[in-house]
Every structure is written in C-alpha cells, then in structure tokens.
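Novice: Input: one structure, supplied below.
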Amino acid sequence: MALSYELCCRECGKRYANQPLSICDECFSPLEVVVDLDAAKKTVTRESIAQGPTNMWRYQALLPVPEDYVPQTPAGWTPLLKAPRLADRIGAKNLYIKNDAVCMPTLSFKDRVVAVALANAQRFGFDTVGCSSTGNLANSVAAQAARLGLKTYILVPADLEAAKILNTQVYGANLIRIDGNYDHVNRLSSQIADRYNWGFVNVNLRPYYAEGSKTVGFEIAEQLGWRLPDNVVVPMAGGSLITKIRKAFKELIALGLVEPKDVRFFGAQATGCSPIAKAVKTGADHIEPQKPSTIARSLAIGNPADGVYAAKAIRESGGWAEDVSDVEIVSGIQELAETEGIFTETAGGVTTAVTARLYAHGRIKADDLTVSCITGNGLKTTDVLAGAYETEEAIRPRLTDFENYINEIKELNELVSGGGNVR
Amino acid sequence: MSVRVLLPNAFQKHTNGAKEIQSSASNLPQLIDEIEVTFPALKTHLRDETGNVRRFINFYVNEEDIRFLGNEKYAFKDGDEVLLIPSIAGGCWPDGQTRFAPNCKCSCCSYCGQEECACY
C-alpha cells in the first residue's frame, strides 16, 4: 500500500486507491477501509497511544487519515463509567456505561465519524460537504464544517426534533427538510451526490466516516485497562457502529494490544423500527425494510445500509438483538438518569431498556463484564418527556413555607410508596 | 406503455455513459431483463454468481421502495419513474470529474448543479 490504508470491497474484495467512493464498480457492494495492521504493529503500542492527546486522535495511526494530518476537532475520549445503581436495578453485577452523551463538540458519537469524514473531505479537495441525517449527524457535520470553513448542505426528515434542527441551523448550515422519512432522505442524497461535487459524509465518504466509530471500541478496551469486555450492547440505526466496535476489538487483538477474546455483541432497536433485530431473531440473511414509527427518531432507519453486516456480526459473536416499545424507551431514559446521572436521548433509552431485557431474559449473565453504549444526549430529545413531570407551584421565600412544602412532599411520597409502584 | 428508468453514476462505466432509458417492461423482472439486453456489459455486475440481483441494489418507483409496493408483483404504470440505486452509492470527484461519468454536471463550482451553470 502506498498509504497505510486503502479501500476494499466488502463482498468481492476488489481493492481501490483512496478516493471518495463508497461502492464497488464491479459488484455494487459497499467498500470499507482496510488498515495495514502489519505496518501499524511496528509503531502502535499501548505507550505510544498513551502519549497521544486525550481524545480520539490518540488512535490516529489506526484511522484513515494522512500521516501528517493535524486534527482540528478533539472529539471522543468520553467517560467509561461503572454503573452500580443501574446494575442493581436490572440484576447486573458488572455493568459499565460508555457515555457518548458527552462527546464533544455536539454531544453524540457522531462527532467521531464526522471528524474522520471531514479530514478526508479536505484531503480530497471538497469545499462543500453534506449528509443525510436523523439529527445527530446533522449537528456534528454543521459544527465541525463551520470550524473547518467548509460549506454545508444537510438533509433531514421534516419531522425531526426541534432541538436537532436548531442545533444544526445555529452553525450556519444550509438545512433542507425533506417531506419524507430518513430512507427517502437517504435516497435523495445518493442522487444529489451523483450530481453535485460535494463530499457527502455518509455517501461518498462513508468508508472513511464509518472508521471513526472504531474509536468507541478502542476507548472501551483502553479504559478497561487494555482488556475486552464480555458483552457490548449497541444501539442500531444504519447498523454501522456495532460492526465497527467489533472491527476495533479485532484490530487491537491483531496488534497484540489486548488478549484475544470472543466478545458477544448485542444490538438494540425500537420495535417501531427494528429491521435488524428482526433479521437476527428470524435468522434471515437479508434485511426486510420497514416504515419507521417510533419516538427514537435517531434510530429510525427502515432500510439500514449496514444491516446485513450488523446482523451477521451479532450472530457470529453469539450475541442477540432486541427491540423495545416507545413506553419502555422513555422508562429507559428515566432509569439511566435516576440511577447514574446520565441524561440520554431516545436512542440511549432504547439501549438501556434493551440491556435490562437482555439481563431479565438471561441472554447476559449477571457477572459478565458488560458495556452499554450510550450514543447521544437527552437535551436533544426533551420533547418525549413532555408531560412526564409536573411544574410545581412556586412557594414564597419563607422558611415556614419551605417546611410546609417538604412535609407535603414527604406525605405524598409515603402515600406513593404505600400504594406500590405507580410508575 | 413506457416507464422512465434512471441509472446511477455507478452503472455508467458499464452503460457507455447512459444515464437513463425508456422501458416498456411491465414489471421488475422484465425491466431487469431489458436492462441486461440493452447493456450486456452490466449483466455480470448486476447479478451474483447464483443469478440473483445483488442484494445491495435498490429499486424505487416514484420515490417509493418497490419492496413496499409488492416488489416483483408490482405492475408498472405508464409514466412511472423507476430509480436504481445501490445502497449508499453516489458521488462525483471534487474537480468536476467523476470516476464513472466524465462530464459531471457543473464544473465551475460545487453549487448550482445545472448543466448550464447559473453561478456566474
């Protein structure tokens, strides 16, 4: 290889030099980046990584960017938190949360993939970038493109959460709302990418973009003290993240940075959009597209681009996939917030509720070291909690009023706890 | 009866640059056969070794995924627009050249996308 990475067809194996191309011209199947691990073995050690910056670019040698690339956005290196109180509640004993709700700069794991995609957009000479998005990607492309001085065209489904729209527009991006669901938006993006000379991060830059997700896996391993967990629970929209965390673990094993281990991968979807979970459950080798209907809009992709690969990765690893209802998603958001102080968006509600179910059904054993991946922030989807909490009447600034108020609350709580679980 | 079939850039290497055809096919299997007769070079790329159309190629009829319309059973209607798109496909070169279509629309800028550029 001229560089330490290049493109390779996931089906027929044809190799391509680095270029803004996402599918094979022989079999029209997706391309992915392959990193020359033999070359990386000579330079990448635990120590060399530890000497890197405290962000995802500490793994730069394993990411598809030119060797001399100087990172502009310090995304990643988010907390891996032990979650004992959530664990207690769901019957787990060794549960961790990978908290990308606080990924910088736009509070979702998409900051990782966009950082890699835009590095390549610049390398290929694009002055304009775009994406089709269910929201988090839109926020991240808008923010990071602003920082790099790139123009942006961002396509989203018209019914997107207000916060995600505002969090795109504020960066000066051209936001185009499409009257349709994400799959309509995505199809239109393919047509636009064919016609305009833009770098679409999840179309023609997709092989590079997707590699950014590996940093979630690298970080989990390093933060566990350079070892792999027993299980990982990952939300699935297009299905890319789960396959890339697995790829990251495999690369770390190949580089000798962790002991080999067969990690089980578990996928999480909302029942209202669960094409990958359905394929896993039925053993199908193809994905039957669905029309999404769920509050988890960031996961609402009915025809997931990496669906077959996600289902395959789950099956090969000995894992499983589950899907949960909208009511369970809201409960999942509340449980994670109440037990661990992490406010996640609907996708995180899906992951939390699915994690709980996997323990309840015995798919994950209590003592297993399990990492649940939280990928987005609750401040972006507050609309799903509308009506969940009452706004209390204000009291006068007097100590007696305060004490009366406290007593009222106590009585109410006793009433509630005496009346069983009301939620 | 005639339907308009739009082909992606990715196919054009195998279609001598043709971007669309008119077809008189009445359903999807007939359309695929017709495409293969019109562009013999495309045939081996369109089907896998078992003869099935490759799973990453999606068909849309008037913006709807054909699988929601009954797939092979859907009867094309006069004036339907059929779109072929491999999953996540699409793209032009930044310098105005694409790998598959040498004359990507607008060469003066990245914006207007018009064949006759309106950006001056």
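Ordered as shown in the structure tokens, chains take letters A, B, and onward, while each chain numbers its residues from 1 and ligands are numbered from 1 in the order shown.
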Residues of chain A no more than 6 Å from chain B, counting only C-alpha atoms: send them over as a list in words.

Specialist: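 So the contacting residues turn out to be Ile23, Glu26, Cys27, Ser29, Gly125, Phe126, Ser190, Ala193, Asp194, Tyr196, Asn197, Val203 and Asn204 of chain A.
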
Novice: Can you measure CA of Ala18 in chain B to CA of Phe39 in chain B for me? One decimal in Å is fine.

Specialist: 9.5 Å

Novice: In Å, rounded to a single decimal, give me how far CA of Arg112 in chain A is from CA of Gly225 in chain A.

Specialist: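 Rounded to one decimal, the two atoms are 21.6 Å apart.
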
Novice: Range 76-232 of chain A: which residues are helix (DSSP H, G or I) by DSSP, as a ChimeraX atom specification?

Specialist: /A:84-90,100-102,110-123,136-148,162-169,182-195,206-211,214-223

Novice: Extract the full set of strand (DSSP E or B) residues from range 15-61 of chain A according to DSSP on the backbone, and format it as number ranges by chain.

Specialist: A: 15-16, 23, 30-35

Novice: Counting only C-alpha atoms, which residue out of A:Ala92, A:Val263, A:Ala277, A:Val201 sits closest to Ala115 in chain A?

Specialist: A:Val201
